[in-house]
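Data block below; observations after.
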2 protein chains.
Amino acid sequence: MDNFTFYAPTYFDFGKGAESHVAELIRRFGGSRVLLHYGGGSIKKSGLYDRITRCLEQESIPYVTLGGVQPNPRSGLVYEGIQLCREEKVNFILAAGGGSTIDSAKAIAAGTPYNGDFMDFYQGKGTIEKALPIGTVLTIAAAGSEGSPNTVITDEKTLVKKGTKSDLLRPRFSILNPELTCTLSPYQTAAGATDIMIHVCERYFSNTEEVEITDRLCEAVLKTIIYETPRVMEDPGNYEARANIMWAGMLAHNNICGVGRVQDWASHHIEHELSALYDVTHGAGLAVIAPRWMRYVLHTNPHKLVDFAVRVWDIPLNETDPGATALQGIEKFEAFLRQIGMPSTFEEIGARREDIGLMTDKLFGNRETEGNYVKLRRDDVVKIYESAVSG
Amino acid sequence: MDNFTFYAPTYFDFGKGAESHVAELIRRFGGSRVLLHYGGGSIKKSGLYDRITRCLEQESIPYVTLGGVQPNPRSGLVYEGIQLCREEKVNFILAAGGGSTIDSAKAIAAGTPYNGDFMDFYQGKGTIEKALPIGTVLTIAAAGSEGSPNTVITDEKTLVKKGTKSDLLRPRFSILNPELTCTLSPYQTAAGATDIMIHVCERYFSNTEEVEITDRLCEAVLKTIIYETPRVMEDPGNYEARANIMWAGMLAHNNICGVGRVQDWASHHIEHELSALYDVTHGAGLAVIAPRWMRYVLHTNPHKLVDFAVRVWDIPLNETDPGATALQGIEKFEAFLRQIGMPSTFEEIGARREDIGLMTDKLFGNRETEGNYVKLRRDDVVKIYESAVSG
């Protein structure tokens, strides 16, 4: 086990009706002038917008609003948010929505007190030293941004999608009401579940030895998603299954499943190029890429794929041919993704073979390798993309 | 799943040599006049005391010291600590030791800014509204106090052992260096592992349905302890096994394994009377009580004991007689406790049959029932104590 630090100071308020505590929580964490940041119209249709603004008004907390966050959130709206926060002297940002809205809120939080261009933080040119506090009301179980220090933004000019992180961006509080996720479409639900699983896999596939406790936690989250997701696909209003998925989604990405080990993250980075170019739902892109990555690295470094098969997918270990066991695990994972309606090829997500060179260029920039479980070079990534072109 | 809140804002610095960051962490969390609180001489013998005080001196952080915390920490030393903190205008308490030292530090932290008797908090007569911040350097994996809001103190006059909790008592930081645990005796190590397991069991044995994610996390921690503890008994210097146990011990009690469900805690409360009366090591007392509790409740409410057998101890489910499966699980747990050298009877820990009435009286006070998985009455608890008198 490697040395590590772990710090996850977010206050979670989880359960039915929890959004009614929003004003009280903003006050508790020092907010007195709020930006309410959100996405499309769904929180208006669902009534969540009205419930939140009514709470703020009842508690006499002044607020301004900024909607319009898109999936794969863009830099343009962040600049708008920063300006608004400065003009209105906002001292707390409330993000109501999914990972995109929360990531956008984190960018605004870091950018508002910063003198330079907030994109510096995403381009490795600056360190976040100050940020407005944020709180969240989560509406989809997927990105884990509600408990993480991470944020990913797409540069509107270059369509480059990049992430940054800072403990200062961890939400002060996050309200998780599983009821709010019961109206999600099957596709959004399944893409969310896939994202959660790959957040865990990026941490699970590691060469660091003897991190039994973290392995076991990873397996706990994966097994929960494997059990609960088909139940939700069958009965979208199943509160209990929604609740388990929602909490698992937070655990998958606040790094409790990742401490003490070198993590991978190649699948995420390879997928980011798809999302940036074709605006694919991140989880759907991961469903295309992650199993291809697993098949590709299987021959070089099978050991954690064997664990994945045996301990997550309950496949009996073939001691004379562990690689065959690992392959069965990948196949079971692929079948699971098909069962919940996820795509597996470029064709299904509208991606094109002719862009593989461009995506690989953007992915590597000046770097030589990608990922850690197996250090991939450009031609490895090209092969992974190519393997995904068609079934 | 029940509604819940979860808040675990402790900053963890984990790994080899982590105690060298102690002064930097005290400053980061606002400390400038420190009480260094510790137990017997072991941190002096090991050199930890010198390493900590050297760090404080190098960073010019003034400190006073108060040693002498006993296992099952006593109220007397807490009064002394409170007086010292007031006189010396201490604004940060550093606990260097195990659960007893940290619990004692928490009591001093709550008592210093309080006008009344700090024991009010432990007797349900007052609510903690303010507390000095605390940090910890942990030297034994057991109590989980390094990440929990809990503290247990024994009233010196009445020998009543009572707990309280508050989010204000969660350590601001905890330094977990597994190397510091490599010199623990086999008995201390095994008692710690038992304490960790029962912290999880108290949460696992619940009638709240559909908390799959929390069940899985509990099983993850239990399986880790089952795997790692025998490795440490065989090779006390096994850093990797020590590291996994140490982190599992934190996870077992910061309540990540307990959210969303009604918890039990009967075994802990039944054991506390043994610790208070005979000064038994808490984990050893739990090794005597918890399996007896399991056997006693098996006939009334077997369902989670079946899960415990199947999912934790890998016993195949006997579908026609799940109770038999559950019993096999308990037997395997008892064999595990024997294997690591834990006691199983009153005789082995110096407890006496003739005190059962007294312990039961102290346990119940004015209450009618104890525990939640099965609501025990006085005669149930008497039977559990009696079943433990001899093998």
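Identifiers for the structure tokens are assigned positionally: chains receive A, B, ... in sequence, residues are indexed from 1 per chain, and ligands are indexed from 1 in the order shown.
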Proximity of chain A to chain B: per-residue shortest pair, 6 Å limit, only C-alpha atoms, as CSV:
```
residue,atom,partner,partner_atom,distance
A:Asn3,CA,B:Gly15,CA,4.3
A:Phe4,CA,B:Phe14,CA,5.3
A:Thr5,CA,B:Asp13,CA,4.6
A:Phe6,CA,B:Phe12,CA,5.0
A:Tyr7,CA,B:Tyr11,CA,4.6
A:Ala8,CA,B:Pro9,CA,5.8
A:Pro9,CA,B:Pro9,CA,3.7
A:Tyr11,CA,B:Tyr7,CA,4.6
A:Phe12,CA,B:Phe6,CA,5.1
A:Asp13,CA,B:Thr5,CA,4.5
A:Phe14,CA,B:Phe4,CA,5.3
A:Gly15,CA,B:Asn3,CA,4.3
A:Ile213,CA,B:Thr224,CA,5.6
A:Arg216,CA,B:Ala220,CA,4.8
A:Leu217,CA,B:Ala220,CA,5.7
A:Ala220,CA,B:Arg216,CA,4.9
A:Thr224,CA,B:Ile213,CA,5.7
A:Asn244,CA,B:Ile213,CA,5.8
```
Let's have the selection written as a CSV table (one decimal), in the first residue's frame, with N, CA and C atoms.
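Saved the output as out30.csv:
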```
chain,number,residue,atom,x,y,z
A,3,ASN,N,1.7,5.3,0.6
A,3,ASN,CA,1.3,6.4,1.5
A,3,ASN,C,0.2,7.2,0.7
A,4,PHE,N,-0.7,7.7,1.5
A,4,PHE,CA,-1.8,8.6,0.9
A,4,PHE,C,-2.4,9.6,1.9
A,5,THR,N,-3.1,10.6,1.3
A,5,THR,CA,-3.9,11.4,2.2
A,5,THR,C,-5.3,11.2,1.7
A,6,PHE,N,-6.3,11.4,2.6
A,6,PHE,CA,-7.7,11.3,2.2
A,6,PHE,C,-8.5,12.3,3.0
A,7,TYR,N,-9.2,13.1,2.2
A,7,TYR,CA,-9.9,14.2,2.9
A,7,TYR,C,-11.2,14.4,2.1
A,8,ALA,N,-12.4,14.1,2.7
A,8,ALA,CA,-13.7,14.2,2.1
A,8,ALA,C,-14.7,14.9,3.0
A,9,PRO,N,-14.5,16.2,3.1
A,9,PRO,CA,-15.3,16.9,4.2
A,9,PRO,C,-16.7,17.3,3.8
A,11,TYR,N,-20.6,17.4,3.6
A,11,TYR,CA,-21.7,17.0,4.5
A,11,TYR,C,-22.8,16.5,3.5
A,12,PHE,N,-23.2,15.2,3.7
A,12,PHE,CA,-24.2,14.6,2.9
A,12,PHE,C,-25.5,14.5,3.6
A,13,ASP,N,-26.6,15.0,2.9
A,13,ASP,CA,-27.9,14.9,3.4
A,13,ASP,C,-28.7,14.0,2.4
A,14,PHE,N,-29.0,12.8,2.8
A,14,PHE,CA,-29.4,11.8,1.9
A,14,PHE,C,-30.8,11.3,2.2
A,15,GLY,N,-31.7,11.3,1.2
A,15,GLY,CA,-33.0,10.7,1.4
A,15,GLY,C,-34.2,11.5,0.9
A,213,ILE,N,-7.9,-3.8,1.4
A,213,ILE,CA,-9.1,-3.1,1.9
A,213,ILE,C,-9.7,-2.2,0.7
A,216,ARG,N,-11.4,-4.5,-1.8
A,216,ARG,CA,-12.7,-4.9,-1.3
A,216,ARG,C,-13.8,-3.9,-1.4
A,217,LEU,N,-13.4,-2.6,-1.2
A,217,LEU,CA,-14.4,-1.5,-1.3
A,217,LEU,C,-14.8,-1.3,-2.7
A,220,ALA,N,-17.2,-4.0,-3.6
A,220,ALA,CA,-18.5,-3.7,-2.9
A,220,ALA,C,-19.3,-2.8,-3.8
A,224,THR,N,-22.7,-3.8,-6.0
A,224,THR,CA,-24.0,-3.1,-5.8
A,224,THR,C,-24.6,-2.7,-7.1
A,244,ASN,N,-29.6,3.0,-3.5
A,244,ASN,CA,-28.3,2.3,-3.5
A,244,ASN,C,-27.3,2.7,-4.6
```
- Message: Can you tell me, as a PyMOL selection string, which residues in stretch 107-260 of chain B count as strand (DSSP E) by DSSP?
- Response: chain B and resi 134-138+150-154+161-165+173-176
Store the residues of this selection in a file with all heavy atoms, as a short mmCIF file (atom, residue, chain, number, x, y, z; two decimals), in the first residue's frame.
```cif
data_model
loop_
_atom_site.label_atom_id
_atom_site.label_comp_id
_atom_site.auth_asym_id
_atom_site.auth_seq_id
_atom_site.Cartn_x
_atom_site.Cartn_y
_atom_site.Cartn_z
N ILE B 134 -9.31 18.82 17.71
CA ILE B 134 -8.29 17.84 18.06
C ILE B 134 -7.67 17.21 16.81
O ILE B 134 -8.26 17.20 15.74
CB ILE B 134 -8.81 16.73 19.02
CG1 ILE B 134 -9.60 15.67 18.26
CG2 ILE B 134 -9.68 17.29 20.14
CD1 ILE B 134 -9.74 14.41 19.08
N GLY B 135 -6.44 16.72 16.99
CA GLY B 135 -5.77 15.94 15.96
C GLY B 135 -5.26 14.67 16.64
O GLY B 135 -5.15 14.63 17.87
N THR B 136 -4.95 13.64 15.86
CA THR B 136 -4.48 12.41 16.48
C THR B 136 -3.27 11.84 15.74
O THR B 136 -3.12 12.03 14.53
CB THR B 136 -5.56 11.31 16.52
OG1 THR B 136 -5.58 10.59 15.27
CG2 THR B 136 -6.95 11.87 16.78
N VAL B 137 -2.42 11.16 16.51
CA VAL B 137 -1.39 10.28 15.94
C VAL B 137 -1.72 8.90 16.51
O VAL B 137 -1.54 8.66 17.71
CB VAL B 137 0.03 10.71 16.34
CG1 VAL B 137 1.05 9.77 15.70
CG2 VAL B 137 0.31 12.15 15.92
N LEU B 138 -2.22 8.03 15.65
CA LEU B 138 -2.78 6.75 16.12
C LEU B 138 -1.68 5.70 16.29
O LEU B 138 -0.80 5.58 15.43
CB LEU B 138 -3.80 6.27 15.09
CG LEU B 138 -4.62 5.03 15.48
CD1 LEU B 138 -5.52 5.34 16.68
CD2 LEU B 138 -5.47 4.58 14.30
N ASN B 150 -17.31 9.69 18.18
CA ASN B 150 -17.64 9.05 19.46
C ASN B 150 -16.53 9.13 20.50
O ASN B 150 -15.36 9.20 20.16
CB ASN B 150 -17.93 7.56 19.22
CG ASN B 150 -18.98 7.34 18.15
OD1 ASN B 150 -18.67 7.38 16.97
ND2 ASN B 150 -20.20 7.13 18.56
N THR B 151 -16.93 9.06 21.75
CA THR B 151 -15.99 8.97 22.88
C THR B 151 -16.69 8.23 24.02
O THR B 151 -17.88 8.40 24.23
CB THR B 151 -15.50 10.37 23.35
OG1 THR B 151 -15.05 10.31 24.71
CG2 THR B 151 -16.60 11.43 23.26
N VAL B 152 -15.92 7.39 24.70
CA VAL B 152 -16.46 6.63 25.84
C VAL B 152 -15.56 6.88 27.03
O VAL B 152 -14.33 6.80 26.91
CB VAL B 152 -16.48 5.12 25.51
CG1 VAL B 152 -17.01 4.32 26.71
CG2 VAL B 152 -17.34 4.82 24.28
N ILE B 153 -16.16 7.19 28.17
CA ILE B 153 -15.39 7.48 29.39
C ILE B 153 -15.99 6.70 30.56
O ILE B 153 -17.21 6.52 30.62
CB ILE B 153 -15.44 9.01 29.71
CG1 ILE B 153 -14.70 9.82 28.64
CG2 ILE B 153 -14.88 9.33 31.11
CD1 ILE B 153 -13.19 9.73 28.65
N THR B 154 -15.12 6.24 31.46
CA THR B 154 -15.59 5.56 32.66
C THR B 154 -15.58 6.54 33.84
O THR B 154 -14.55 7.16 34.13
CB THR B 154 -14.69 4.35 33.00
OG1 THR B 154 -14.73 3.46 31.89
CG2 THR B 154 -15.18 3.63 34.24
N LYS B 161 -19.50 3.16 32.57
CA LYS B 161 -18.81 3.49 31.32
C LYS B 161 -19.85 3.94 30.32
O LYS B 161 -20.76 3.17 29.98
CB LYS B 161 -18.09 2.22 30.83
CG LYS B 161 -17.20 2.40 29.62
CD LYS B 161 -16.37 1.15 29.34
CE LYS B 161 -15.62 1.32 28.01
NZ LYS B 161 -14.78 0.16 27.68
N LYS B 162 -19.77 5.19 29.89
CA LYS B 162 -20.80 5.73 29.01
C LYS B 162 -20.18 6.48 27.83
O LYS B 162 -19.11 7.05 27.96
CB LYS B 162 -21.70 6.73 29.78
CG LYS B 162 -22.63 6.07 30.78
CD LYS B 162 -23.84 5.40 30.11
CE LYS B 162 -24.69 4.67 31.14
NZ LYS B 162 -25.44 3.54 30.59
N GLY B 163 -20.90 6.51 26.74
CA GLY B 163 -20.42 7.19 25.54
C GLY B 163 -21.25 8.41 25.19
O GLY B 163 -22.38 8.58 25.66
N THR B 164 -20.67 9.28 24.38
CA THR B 164 -21.43 10.37 23.77
C THR B 164 -20.84 10.59 22.39
O THR B 164 -19.81 10.02 22.05
CB THR B 164 -21.38 11.66 24.63
OG1 THR B 164 -22.30 12.62 24.07
CG2 THR B 164 -19.99 12.29 24.65
N LYS B 165 -21.50 11.41 21.58
CA LYS B 165 -20.92 11.74 20.29
C LYS B 165 -21.35 13.11 19.80
O LYS B 165 -22.40 13.62 20.20
CB LYS B 165 -21.25 10.67 19.25
CG LYS B 165 -22.70 10.56 18.88
CD LYS B 165 -22.84 9.53 17.75
CE LYS B 165 -24.30 9.28 17.43
NZ LYS B 165 -24.44 8.39 16.27
N PHE B 173 -7.59 16.27 12.01
CA PHE B 173 -6.72 15.41 11.21
C PHE B 173 -6.37 14.18 12.02
O PHE B 173 -6.41 14.21 13.27
CB PHE B 173 -5.45 16.15 10.76
CG PHE B 173 -4.47 16.47 11.84
CD1 PHE B 173 -3.60 15.50 12.33
CD2 PHE B 173 -4.42 17.74 12.40
CE1 PHE B 173 -2.70 15.79 13.34
CE2 PHE B 173 -3.52 18.04 13.42
CZ PHE B 173 -2.66 17.06 13.88
N SER B 174 -6.05 13.12 11.33
CA SER B 174 -5.53 11.93 11.99
C SER B 174 -4.37 11.39 11.17
O SER B 174 -4.48 11.23 9.95
CB SER B 174 -6.61 10.86 12.15
OG SER B 174 -7.43 11.17 13.27
N ILE B 175 -3.27 11.15 11.88
CA ILE B 175 -2.07 10.60 11.26
C ILE B 175 -2.04 9.11 11.54
O ILE B 175 -2.06 8.69 12.70
CB ILE B 175 -0.82 11.31 11.83
CG1 ILE B 175 -0.79 12.76 11.32
CG2 ILE B 175 0.45 10.54 11.47
CD1 ILE B 175 0.27 13.62 11.96
N LEU B 176 -2.04 8.32 10.49
CA LEU B 176 -2.08 6.86 10.62
C LEU B 176 -0.82 6.28 9.98
O LEU B 176 -0.74 6.15 8.76
CB LEU B 176 -3.33 6.30 9.93
CG LEU B 176 -4.65 6.29 10.72
CD1 LEU B 176 -5.07 7.68 11.14
CD2 LEU B 176 -5.77 5.65 9.88
#
```
Exercise for review: Please identify all polymer residues within 9 Å of stretch 93-98 of chain A, counting only C-alpha atoms, omitting same-chain residues fewer than 4 positions from it, and present them as a ChimeraX atom specification.
Suggested key: /A:26,31,33-39,42-43,48-49,52,71,85,102-106,108-109,132-146
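For the residues A:Asp120, A:Asp307, A:Glu273, A:Glu88, ranking by smallest atom-to-atom distance to A:Leu363 using only C-alpha atoms places A:Glu273 first.
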(Q) So that I can check the secondary structure, give me every residue of stretch 181-283 of chain B assigned helix (DSSP H, G or I) by backbone DSSP, as a count of residues only. (A) 71
- Item | Polymer residues at most 10 Å from A:Asp355, only C-alpha atoms, same-chain spacing of 5 or more positions, as number ranges by chain | A: 273-274, 277, 360-361, 385
- Nearest to A:Gly126 among A:Gly357, A:Gly329, A:Pro149, A:Gly111, with distances taken over only C-alpha atoms: which residue is it?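 Selected residue with least distance to A:Gly126: A:Gly111.
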